[in-house]
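**Q** File name target_25.cif; file contents mmCIF, N, CA and C atoms and all ligand atoms; full text below.
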data_protein
#
loop_
_atom_site.label_atom_id
_atom_site.label_comp_id
_atom_site.auth_asym_id
_atom_site.auth_seq_id
_atom_site.Cartn_x
_atom_site.Cartn_y
_atom_site.Cartn_z
N MET A 1 120.32 130.77 83.12
CA MET A 1 120.24 129.31 83.26
C MET A 1 118.77 128.89 83.28
N PRO A 2 118.48 127.76 82.72
CA PRO A 2 117.07 127.31 82.66
C PRO A 2 116.56 126.86 84.02
N THR A 3 115.26 127.01 84.18
CA THR A 3 114.61 126.56 85.42
C THR A 3 113.83 125.29 85.12
N TYR A 4 114.01 124.31 85.95
CA TYR A 4 113.29 123.04 85.78
C TYR A 4 112.32 122.85 86.94
N GLU A 5 111.23 122.20 86.65
CA GLU A 5 110.28 121.88 87.71
C GLU A 5 110.46 120.43 88.13
N PHE A 6 110.55 120.24 89.42
CA PHE A 6 110.66 118.91 89.98
C PHE A 6 109.58 118.71 91.01
N ARG A 7 109.30 117.44 91.28
CA ARG A 7 108.39 117.11 92.37
C ARG A 7 109.16 116.24 93.34
N CYS A 8 109.21 116.67 94.60
CA CYS A 8 109.85 115.84 95.62
C CYS A 8 108.90 114.68 95.94
N GLN A 9 109.39 113.44 95.79
CA GLN A 9 108.54 112.27 96.00
C GLN A 9 108.30 112.03 97.49
N ASP A 10 109.09 112.63 98.34
CA ASP A 10 108.94 112.40 99.77
C ASP A 10 108.00 113.41 100.41
N CYS A 11 108.22 114.69 100.17
CA CYS A 11 107.35 115.67 100.83
C CYS A 11 106.34 116.26 99.85
N ARG A 12 106.37 115.79 98.59
CA ARG A 12 105.37 116.15 97.57
C ARG A 12 105.38 117.63 97.20
N ARG A 13 106.42 118.34 97.57
CA ARG A 13 106.47 119.74 97.20
C ARG A 13 106.91 119.89 95.76
N LEU A 14 106.41 120.96 95.16
CA LEU A 14 106.85 121.33 93.82
C LEU A 14 108.07 122.20 93.96
N LEU A 15 109.11 121.83 93.23
CA LEU A 15 110.37 122.56 93.34
C LEU A 15 110.70 123.22 92.02
N ARG A 16 111.09 124.47 92.06
CA ARG A 16 111.62 125.11 90.87
C ARG A 16 113.10 125.34 91.10
N LEU A 17 113.92 124.60 90.36
CA LEU A 17 115.35 124.68 90.56
C LEU A 17 116.00 125.21 89.30
N THR A 18 116.88 126.16 89.49
CA THR A 18 117.62 126.69 88.36
C THR A 18 118.95 125.97 88.29
N LEU A 19 119.14 125.25 87.21
CA LEU A 19 120.34 124.44 87.05
C LEU A 19 120.97 124.73 85.70
N SER A 20 122.28 124.68 85.67
CA SER A 20 122.93 124.71 84.37
C SER A 20 122.71 123.35 83.71
N PHE A 21 122.91 123.29 82.41
CA PHE A 21 122.70 122.01 81.72
C PHE A 21 123.61 120.94 82.29
N ALA A 22 124.86 121.34 82.63
CA ALA A 22 125.80 120.37 83.19
C ALA A 22 125.29 119.84 84.51
N GLU A 23 124.78 120.73 85.35
CA GLU A 23 124.26 120.30 86.64
C GLU A 23 123.07 119.37 86.46
N TYR A 24 122.23 119.73 85.49
CA TYR A 24 121.04 118.93 85.27
C TYR A 24 121.41 117.51 84.86
N ASP A 25 122.47 117.42 84.03
CA ASP A 25 122.91 116.10 83.58
C ASP A 25 123.55 115.29 84.69
N GLU A 26 124.34 115.96 85.51
CA GLU A 26 125.21 115.22 86.41
C GLU A 26 124.67 115.09 87.82
N ALA A 27 124.07 116.11 88.32
CA ALA A 27 123.72 116.11 89.73
C ALA A 27 122.27 115.69 89.93
N ALA A 28 122.05 114.88 90.91
CA ALA A 28 120.69 114.60 91.32
C ALA A 28 120.25 115.77 92.18
N PRO A 29 119.14 116.39 91.82
CA PRO A 29 118.69 117.53 92.62
C PRO A 29 118.33 117.08 94.03
N VAL A 30 118.54 117.96 94.95
CA VAL A 30 118.21 117.67 96.35
C VAL A 30 117.07 118.59 96.75
N CYS A 31 116.05 118.00 97.40
CA CYS A 31 114.93 118.80 97.85
C CYS A 31 115.39 119.75 98.95
N PRO A 32 115.18 121.05 98.77
CA PRO A 32 115.62 122.01 99.79
C PRO A 32 114.77 121.94 101.06
N HIS A 33 113.63 121.26 101.00
CA HIS A 33 112.75 121.22 102.16
C HIS A 33 113.06 120.05 103.09
N CYS A 34 113.33 118.89 102.49
CA CYS A 34 113.55 117.71 103.34
C CYS A 34 114.85 117.00 102.99
N GLN A 35 115.67 117.63 102.12
CA GLN A 35 116.99 117.07 101.76
C GLN A 35 116.89 115.71 101.09
N SER A 36 115.71 115.37 100.58
CA SER A 36 115.58 114.10 99.90
C SER A 36 116.18 114.18 98.50
N ARG A 37 116.76 113.08 98.05
CA ARG A 37 117.21 113.01 96.66
C ARG A 37 116.19 112.30 95.80
N ASN A 38 115.09 111.96 96.41
CA ASN A 38 114.03 111.27 95.69
C ASN A 38 113.16 112.31 94.97
N VAL A 39 113.77 112.96 94.00
CA VAL A 39 113.16 114.09 93.32
C VAL A 39 113.04 113.77 91.84
N LYS A 40 111.85 113.97 91.32
CA LYS A 40 111.63 113.62 89.91
C LYS A 40 111.34 114.87 89.08
N ARG A 41 111.88 114.88 87.89
CA ARG A 41 111.56 115.93 86.94
C ARG A 41 110.06 115.90 86.70
N ARG A 42 109.45 117.07 86.74
CA ARG A 42 108.00 117.13 86.56
C ARG A 42 107.68 117.13 85.08
N ILE A 43 106.73 116.29 84.71
CA ILE A 43 106.34 116.19 83.31
C ILE A 43 105.36 117.32 83.00
N GLY A 44 105.64 118.01 81.92
CA GLY A 44 104.79 119.13 81.56
C GLY A 44 103.36 118.71 81.33
N ARG A 45 102.45 119.63 81.62
CA ARG A 45 101.04 119.27 81.52
C ARG A 45 100.60 119.12 80.08
N ILE A 46 101.44 119.62 79.13
CA ILE A 46 101.05 119.50 77.73
C ILE A 46 101.39 118.12 77.18
N ALA A 47 102.11 117.33 77.97
CA ALA A 47 102.44 115.99 77.51
C ALA A 47 101.16 115.25 77.14
N ILE A 48 101.16 114.64 75.97
CA ILE A 48 99.94 113.99 75.51
C ILE A 48 99.70 112.70 76.26
N ALA A 49 100.73 111.89 76.35
CA ALA A 49 100.59 110.63 77.08
C ALA A 49 101.07 110.85 78.50
N LYS A 50 100.12 111.08 79.37
CA LYS A 50 100.49 111.34 80.76
C LYS A 50 100.60 110.02 81.51
N SER A 51 101.63 109.93 82.32
CA SER A 51 101.73 108.77 83.19
C SER A 51 100.75 108.93 84.34
N GLU A 52 100.54 107.86 85.05
CA GLU A 52 99.64 107.91 86.21
C GLU A 52 100.14 108.97 87.20
N ASP A 53 101.45 108.98 87.41
CA ASP A 53 102.05 109.96 88.32
C ASP A 53 101.76 111.37 87.88
N ALA A 54 101.94 111.61 86.58
CA ALA A 54 101.77 112.97 86.09
C ALA A 54 100.33 113.40 86.23
N ARG A 55 99.40 112.45 85.98
CA ARG A 55 97.99 112.81 86.11
C ARG A 55 97.67 113.18 87.55
N LEU A 56 98.21 112.40 88.48
CA LEU A 56 97.99 112.71 89.88
C LEU A 56 98.61 114.05 90.23
N ASP A 57 99.79 114.29 89.68
CA ASP A 57 100.47 115.55 89.95
C ASP A 57 99.63 116.74 89.50
N SER A 58 99.09 116.64 88.29
CA SER A 58 98.33 117.77 87.79
C SER A 58 97.06 117.93 88.61
N LEU A 59 96.57 116.80 89.11
CA LEU A 59 95.36 116.83 89.92
C LEU A 59 95.61 117.47 91.27
N MET A 60 96.74 117.11 91.84
CA MET A 60 97.07 117.61 93.16
C MET A 60 97.84 118.93 93.05
N ASP A 61 97.71 119.55 91.92
CA ASP A 61 98.37 120.81 91.66
C ASP A 61 98.07 121.81 92.77
N ASP A 62 99.07 122.61 93.08
CA ASP A 62 98.91 123.55 94.20
C ASP A 62 97.72 124.49 94.00
N SER A 63 97.47 124.88 92.75
CA SER A 63 96.38 125.82 92.54
C SER A 63 95.04 125.16 92.83
N ALA A 64 94.92 123.88 92.48
CA ALA A 64 93.68 123.15 92.77
C ALA A 64 93.48 123.05 94.28
N LEU A 65 94.56 122.81 94.98
CA LEU A 65 94.45 122.69 96.42
C LEU A 65 94.14 124.04 97.06
N ALA A 66 94.73 125.09 96.52
CA ALA A 66 94.50 126.43 97.07
C ALA A 66 93.03 126.80 96.91
N ALA A 67 92.42 126.31 95.82
CA ALA A 67 91.03 126.65 95.54
C ALA A 67 90.08 125.84 96.41
N LEU A 68 90.62 124.81 97.03
CA LEU A 68 89.78 123.92 97.83
C LEU A 68 89.53 124.53 99.21
N ASP A 69 88.28 124.75 99.50
CA ASP A 69 87.90 125.29 100.80
C ASP A 69 87.60 124.13 101.73
N GLU A 70 88.50 123.89 102.66
CA GLU A 70 88.36 122.72 103.53
C GLU A 70 87.14 122.81 104.43
N GLU A 71 86.61 124.00 104.59
CA GLU A 71 85.45 124.17 105.44
C GLU A 71 84.15 123.92 104.66
N ASP A 72 84.28 123.70 103.37
CA ASP A 72 83.10 123.55 102.52
C ASP A 72 82.98 122.11 102.05
N PRO A 73 82.10 121.32 102.70
CA PRO A 73 81.96 119.90 102.34
C PRO A 73 81.65 119.70 100.86
N LYS A 74 80.86 120.61 100.29
CA LYS A 74 80.50 120.44 98.88
C LYS A 74 81.73 120.56 97.99
N ALA A 75 82.61 121.48 98.34
CA ALA A 75 83.84 121.64 97.56
C ALA A 75 84.72 120.41 97.68
N ILE A 76 84.79 119.86 98.91
CA ILE A 76 85.58 118.65 99.12
C ILE A 76 84.99 117.49 98.31
N GLY A 77 83.65 117.39 98.33
CA GLY A 77 82.97 116.33 97.58
C GLY A 77 83.27 116.43 96.09
N ARG A 78 83.16 117.66 95.57
CA ARG A 78 83.45 117.85 94.15
C ARG A 78 84.89 117.47 93.85
N PHE A 79 85.81 117.86 94.74
CA PHE A 79 87.22 117.56 94.54
C PHE A 79 87.46 116.05 94.53
N MET A 80 86.82 115.35 95.48
CA MET A 80 87.02 113.90 95.56
C MET A 80 86.42 113.20 94.34
N ARG A 81 85.27 113.72 93.87
CA ARG A 81 84.66 113.13 92.69
C ARG A 81 85.56 113.32 91.46
N LYS A 82 86.10 114.51 91.34
CA LYS A 82 86.99 114.81 90.23
C LYS A 82 88.22 113.90 90.30
N MET A 83 88.73 113.73 91.52
CA MET A 83 89.91 112.91 91.71
C MET A 83 89.66 111.49 91.26
N SER A 84 88.51 110.92 91.65
CA SER A 84 88.24 109.53 91.29
C SER A 84 88.03 109.41 89.79
N ARG A 85 87.40 110.45 89.18
CA ARG A 85 87.19 110.42 87.73
C ARG A 85 88.52 110.44 87.00
N GLU A 86 89.42 111.33 87.43
CA GLU A 86 90.71 111.46 86.76
C GLU A 86 91.53 110.19 86.90
N MET A 87 91.40 109.53 88.05
CA MET A 87 92.15 108.30 88.26
C MET A 87 91.54 107.15 87.47
N GLY A 88 90.32 107.33 87.02
CA GLY A 88 89.67 106.31 86.24
C GLY A 88 89.42 105.03 87.02
N GLU A 89 89.30 105.18 88.32
CA GLU A 89 89.13 104.01 89.16
C GLU A 89 87.81 104.08 89.91
N ASP A 90 87.22 102.93 90.08
CA ASP A 90 86.07 102.84 90.96
C ASP A 90 86.60 102.68 92.37
N LEU A 91 86.38 103.68 93.19
CA LEU A 91 86.97 103.65 94.53
C LEU A 91 86.02 103.02 95.54
N GLY A 92 84.93 102.45 95.05
CA GLY A 92 84.09 101.67 95.94
C GLY A 92 82.84 102.41 96.40
N ASP A 93 81.91 101.61 96.94
CA ASP A 93 80.63 102.14 97.37
C ASP A 93 80.78 103.16 98.49
N GLU A 94 81.67 102.86 99.44
CA GLU A 94 81.84 103.77 100.57
C GLU A 94 82.33 105.13 100.09
N PHE A 95 83.28 105.10 99.18
CA PHE A 95 83.80 106.36 98.65
C PHE A 95 82.67 107.14 97.99
N GLY A 96 81.85 106.41 97.19
CA GLY A 96 80.74 107.07 96.52
C GLY A 96 79.75 107.67 97.51
N GLU A 97 79.51 106.94 98.58
CA GLU A 97 78.58 107.45 99.59
C GLU A 97 79.13 108.70 100.26
N VAL A 98 80.42 108.65 100.57
CA VAL A 98 81.05 109.82 101.21
C VAL A 98 80.94 111.04 100.30
N VAL A 99 81.25 110.83 99.01
CA VAL A 99 81.20 111.96 98.07
C VAL A 99 79.78 112.51 97.99
N ASP A 100 78.80 111.59 97.90
CA ASP A 100 77.40 112.03 97.83
C ASP A 100 77.03 112.88 99.04
N ARG A 101 77.44 112.40 100.22
CA ARG A 101 77.06 113.10 101.44
C ARG A 101 77.79 114.43 101.58
N LEU A 102 79.05 114.45 101.15
CA LEU A 102 79.79 115.72 101.16
C LEU A 102 79.09 116.72 100.24
N GLU A 103 78.71 116.23 99.06
CA GLU A 103 78.09 117.14 98.09
C GLU A 103 76.73 117.63 98.55
N SER A 104 76.10 116.86 99.44
CA SER A 104 74.82 117.34 99.96
C SER A 104 75.04 118.26 101.17
N GLY A 105 76.31 118.52 101.50
CA GLY A 105 76.61 119.53 102.51
C GLY A 105 76.88 118.99 103.90
N GLU A 106 76.98 117.66 104.01
CA GLU A 106 77.24 117.07 105.33
C GLU A 106 78.72 117.26 105.69
N SER A 107 79.00 117.50 106.94
CA SER A 107 80.39 117.75 107.31
C SER A 107 81.18 116.43 107.34
N PRO A 108 82.47 116.51 106.96
CA PRO A 108 83.31 115.29 106.96
C PRO A 108 83.33 114.63 108.33
N ASP A 109 83.31 115.42 109.39
CA ASP A 109 83.31 114.84 110.74
C ASP A 109 82.09 113.97 110.98
N ALA A 110 80.92 114.50 110.60
CA ALA A 110 79.68 113.76 110.82
C ALA A 110 79.69 112.46 110.02
N ILE A 111 80.18 112.52 108.80
CA ILE A 111 80.22 111.33 107.95
C ILE A 111 81.16 110.30 108.56
N GLU A 112 82.31 110.78 109.02
CA GLU A 112 83.29 109.88 109.62
C GLU A 112 82.71 109.17 110.84
N LYS A 113 81.98 109.94 111.65
CA LYS A 113 81.40 109.35 112.87
C LYS A 113 80.36 108.29 112.54
N SER A 114 79.60 108.51 111.47
CA SER A 114 78.53 107.58 111.15
C SER A 114 79.04 106.37 110.39
N MET A 115 80.27 106.44 109.92
CA MET A 115 80.86 105.31 109.19
C MET A 115 82.20 104.95 109.82
N PRO A 116 82.16 104.23 110.95
CA PRO A 116 83.39 103.95 111.71
C PRO A 116 84.45 103.22 110.89
N ASP A 117 84.01 102.36 109.99
CA ASP A 117 84.98 101.60 109.18
C ASP A 117 85.83 102.51 108.32
N LEU A 118 85.31 103.70 108.11
CA LEU A 118 85.93 104.62 107.19
C LEU A 118 87.06 105.40 107.85
N ALA A 119 87.07 105.43 109.16
CA ALA A 119 87.94 106.33 109.90
C ALA A 119 89.39 106.25 109.41
N ASP A 120 89.88 105.03 109.20
CA ASP A 120 91.27 104.91 108.76
C ASP A 120 91.47 105.56 107.41
N GLY A 121 90.58 105.21 106.48
CA GLY A 121 90.73 105.72 105.13
C GLY A 121 90.60 107.23 105.05
N MET A 122 89.79 107.81 105.94
CA MET A 122 89.58 109.24 105.89
C MET A 122 90.71 110.03 106.54
N GLY A 123 91.59 109.31 107.24
CA GLY A 123 92.68 110.01 107.92
C GLY A 123 93.48 110.85 106.96
N GLY A 124 93.58 110.36 105.73
CA GLY A 124 94.39 111.07 104.74
C GLY A 124 93.82 112.40 104.33
N MET A 125 92.56 112.65 104.67
CA MET A 125 91.96 113.91 104.24
C MET A 125 92.68 115.12 104.83
N ASP A 126 93.31 114.91 105.96
CA ASP A 126 94.03 116.02 106.57
C ASP A 126 95.19 116.49 105.70
N ASP A 127 95.63 115.61 104.82
CA ASP A 127 96.76 115.97 103.97
C ASP A 127 96.36 116.82 102.78
N PHE A 128 95.08 116.92 102.52
CA PHE A 128 94.65 117.69 101.36
C PHE A 128 95.04 119.14 101.48
ZN ZN P 201 111.11 117.09 99.92
#
Would you give me this structure, written as structure tokens?

**A**
Amino acid sequence: MPTYEFRCQDCRRLLRLTLSFAEYDEAAPVCPHCQSRNVKRRIGRIAIAKSEDARLDSLMDDSALAALDEEDPKAIGRFMRKMSREMGEDLGDEFGEVVDRLESGESPDAIEKSMPDLADGMGGMDDF
């Protein structure tokens, strides 16, 4: 039976599910981790026209995250810069400053402390 790749939209896990063609047609896959049915077929990376979701997916790919050393501010800075480039969005002056400081080796904690307004936005870094 063929194996399909899905992304759980709730817990963001990558799922490899082996389904028969009939199952694939009829059944909505259920995430084995959080029992969510909010599961989307993963678009192959060779797709030429990538949707915004797919681009983010390939960016947040498990291998990219595994390669990210959370203890290394420079690696985090490079990752964030790459992320903003791939998204094609200007994420603002503060984001640029954070990336610059990370790349110069400053710890995320120190940056967060010196930029109190940023604290909320940086909360998500724990999810990386
Ligand atoms: Zn899930």

**Q** Wanna dump the chain A-ligand ZN 201 (chain P) contacts at 8 Å for me, each residue with its shortest atom pair and the distance in Å to one decimal, counting all atoms listed in the file, ordered by chain and number, as a tab-separated table?

**A**
residue	atom	partner	partner_atom	distance
A:Arg7	C	P:ZN201	ZN	6.9
A:Cys8	CA	P:ZN201	ZN	4.7
A:Gln9	N	P:ZN201	ZN	5.8
A:Asp10	C	P:ZN201	ZN	4.8
A:Cys11	N	P:ZN201	ZN	3.8
A:Arg12	N	P:ZN201	ZN	5.1
A:Arg13	N	P:ZN201	ZN	5.4
A:Leu14	N	P:ZN201	ZN	7.7
A:Val30	C	P:ZN201	ZN	6.9
A:Cys31	CA	P:ZN201	ZN	4.7
A:Pro32	N	P:ZN201	ZN	5.8
A:His33	C	P:ZN201	ZN	4.8
A:Cys34	N	P:ZN201	ZN	3.8
A:Gln35	N	P:ZN201	ZN	5.1
A:Ser36	N	P:ZN201	ZN	5.0
A:Arg37	N	P:ZN201	ZN	7.2
A:Asn38	C	P:ZN201	ZN	7.2
A:Val39	CA	P:ZN201	ZN	7.5

**Q** Mind giving me the straight-line distance from CA of Pro108 in chain A to CA of Asp90 in chain A in Å, one decimal?

**A**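 About the pair CA of Pro108 in chain A and CA of Asp90 in chain A: they are 20.5 Å apart.
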
**Q** Would you work out the distance separating CA of Pro73 in chain A from CA of Met115 in chain A, expressed in Å to one decimal?

**A** 16.2 Å

**Q** How far is it from CA of Arg78 in chain A to atom N of Leu102 in chain A, in Å with one decimal?

**A**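 Interatomic distance, CA of Arg78 in chain A to atom N of Leu102 in chain A: 8.9 Å.
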
**Q** Using only N, CA and C atoms, can you tell me which of A:Glu103, A:Lys40, A:Pro2, A:Ser114 comes closest to Lys74 in chain A?

**A**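 Of A:Glu103, A:Lys40, A:Pro2, A:Ser114, the one nearest Lys74 in chain A, counting only N, CA and C atoms, is A:Glu103.
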
**Q** Which residues, written as JSON, numbers by chain, have at least one atom at most 12 Å from Arg81 in chain A, with only C-alpha atoms counted and residues fewer than 2 positions away on the same chain left out?

**A** {"A": [59, 74, 75, 76, 77, 78, 79, 83, 84, 85, 86, 87, 88, 89, 90, 91, 92, 95, 96, 97, 98, 99, 100, 101, 102, 103]}

**Q** Restrict the selected residues to N, CA and C atoms and save them as an mmCIF file, keeping the file's coordinate frame.

**A**
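Generated file (result15.cif):
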data_model
loop_
_atom_site.group_PDB
_atom_site.id
_atom_site.type_symbol
_atom_site.label_atom_id
_atom_site.label_comp_id
_atom_site.auth_asym_id
_atom_site.auth_seq_id
_atom_site.Cartn_x
_atom_site.Cartn_y
_atom_site.Cartn_z
ATOM 1 N N LEU A 59 96.570 116.800 89.110
ATOM 2 C CA LEU A 59 95.360 116.830 89.920
ATOM 3 C C LEU A 59 95.610 117.470 91.270
ATOM 4 N N LYS A 74 80.860 120.610 100.290
ATOM 5 C CA LYS A 74 80.500 120.440 98.880
ATOM 6 C C LYS A 74 81.730 120.560 97.990
ATOM 7 N N ALA A 75 82.610 121.480 98.340
ATOM 8 C CA ALA A 75 83.840 121.640 97.560
ATOM 9 C C ALA A 75 84.720 120.410 97.680
ATOM 10 N N ILE A 76 84.790 119.860 98.910
ATOM 11 C CA ILE A 76 85.580 118.650 99.120
ATOM 12 C C ILE A 76 84.990 117.490 98.310
ATOM 13 N N GLY A 77 83.650 117.390 98.330
ATOM 14 C CA GLY A 77 82.970 116.330 97.580
ATOM 15 C C GLY A 77 83.270 116.430 96.090
ATOM 16 N N ARG A 78 83.160 117.660 95.570
ATOM 17 C CA ARG A 78 83.450 117.850 94.150
ATOM 18 C C ARG A 78 84.890 117.470 93.850
ATOM 19 N N PHE A 79 85.810 117.860 94.740
ATOM 20 C CA PHE A 79 87.220 117.560 94.540
ATOM 21 C C PHE A 79 87.460 116.050 94.530
ATOM 22 N N MET A 83 88.730 113.730 91.520
ATOM 23 C CA MET A 83 89.910 112.910 91.710
ATOM 24 C C MET A 83 89.660 111.490 91.260
ATOM 25 N N SER A 84 88.510 110.920 91.650
ATOM 26 C CA SER A 84 88.240 109.530 91.290
ATOM 27 C C SER A 84 88.030 109.410 89.790
ATOM 28 N N ARG A 85 87.400 110.450 89.180
ATOM 29 C CA ARG A 85 87.190 110.420 87.730
ATOM 30 C C ARG A 85 88.520 110.440 87.000
ATOM 31 N N GLU A 86 89.420 111.330 87.430
ATOM 32 C CA GLU A 86 90.710 111.460 86.760
ATOM 33 C C GLU A 86 91.530 110.190 86.900
ATOM 34 N N MET A 87 91.400 109.530 88.050
ATOM 35 C CA MET A 87 92.150 108.300 88.260
ATOM 36 C C MET A 87 91.540 107.150 87.470
ATOM 37 N N GLY A 88 90.320 107.330 87.020
ATOM 38 C CA GLY A 88 89.670 106.310 86.240
ATOM 39 C C GLY A 88 89.420 105.030 87.020
ATOM 40 N N GLU A 89 89.300 105.180 88.320
ATOM 41 C CA GLU A 89 89.130 104.010 89.160
ATOM 42 C C GLU A 89 87.810 104.080 89.910
ATOM 43 N N ASP A 90 87.220 102.930 90.080
ATOM 44 C CA ASP A 90 86.070 102.840 90.960
ATOM 45 C C ASP A 90 86.600 102.680 92.370
ATOM 46 N N LEU A 91 86.380 103.680 93.190
ATOM 47 C CA LEU A 91 86.970 103.650 94.530
ATOM 48 C C LEU A 91 86.020 103.020 95.540
ATOM 49 N N GLY A 92 84.930 102.450 95.050
ATOM 50 C CA GLY A 92 84.090 101.670 95.940
ATOM 51 C C GLY A 92 82.840 102.410 96.400
ATOM 52 N N PHE A 95 83.280 105.100 99.180
ATOM 53 C CA PHE A 95 83.800 106.360 98.650
ATOM 54 C C PHE A 95 82.670 107.140 97.990
ATOM 55 N N GLY A 96 81.850 106.410 97.190
ATOM 56 C CA GLY A 96 80.740 107.070 96.520
ATOM 57 C C GLY A 96 79.750 107.670 97.510
ATOM 58 N N GLU A 97 79.510 106.940 98.580
ATOM 59 C CA GLU A 97 78.580 107.450 99.590
ATOM 60 C C GLU A 97 79.130 108.700 100.260
ATOM 61 N N VAL A 98 80.420 108.650 100.570
ATOM 62 C CA VAL A 98 81.050 109.820 101.210
ATOM 63 C C VAL A 98 80.940 111.040 100.300
ATOM 64 N N VAL A 99 81.250 110.830 99.010
ATOM 65 C CA VAL A 99 81.200 111.960 98.070
ATOM 66 C C VAL A 99 79.780 112.510 97.990
ATOM 67 N N ASP A 100 78.800 111.590 97.900
ATOM 68 C CA ASP A 100 77.400 112.030 97.830
ATOM 69 C C ASP A 100 77.030 112.880 99.040
ATOM 70 N N ARG A 101 77.440 112.400 100.220
ATOM 71 C CA ARG A 101 77.060 113.100 101.440
ATOM 72 C C ARG A 101 77.790 114.430 101.580
ATOM 73 N N LEU A 102 79.050 114.450 101.150
ATOM 74 C CA LEU A 102 79.790 115.720 101.160
ATOM 75 C C LEU A 102 79.090 116.720 100.240
ATOM 76 N N GLU A 103 78.710 116.230 99.060
ATOM 77 C CA GLU A 103 78.090 117.140 98.090
ATOM 78 C C GLU A 103 76.730 117.630 98.550
#

**Q** Restricting the calculation to all atoms listed in the file, which member of A:Ser104, A:Asp72, A:Glu5, A:Arg16 is positioned closest to Arg41 in chain A?

**A** A:Glu5
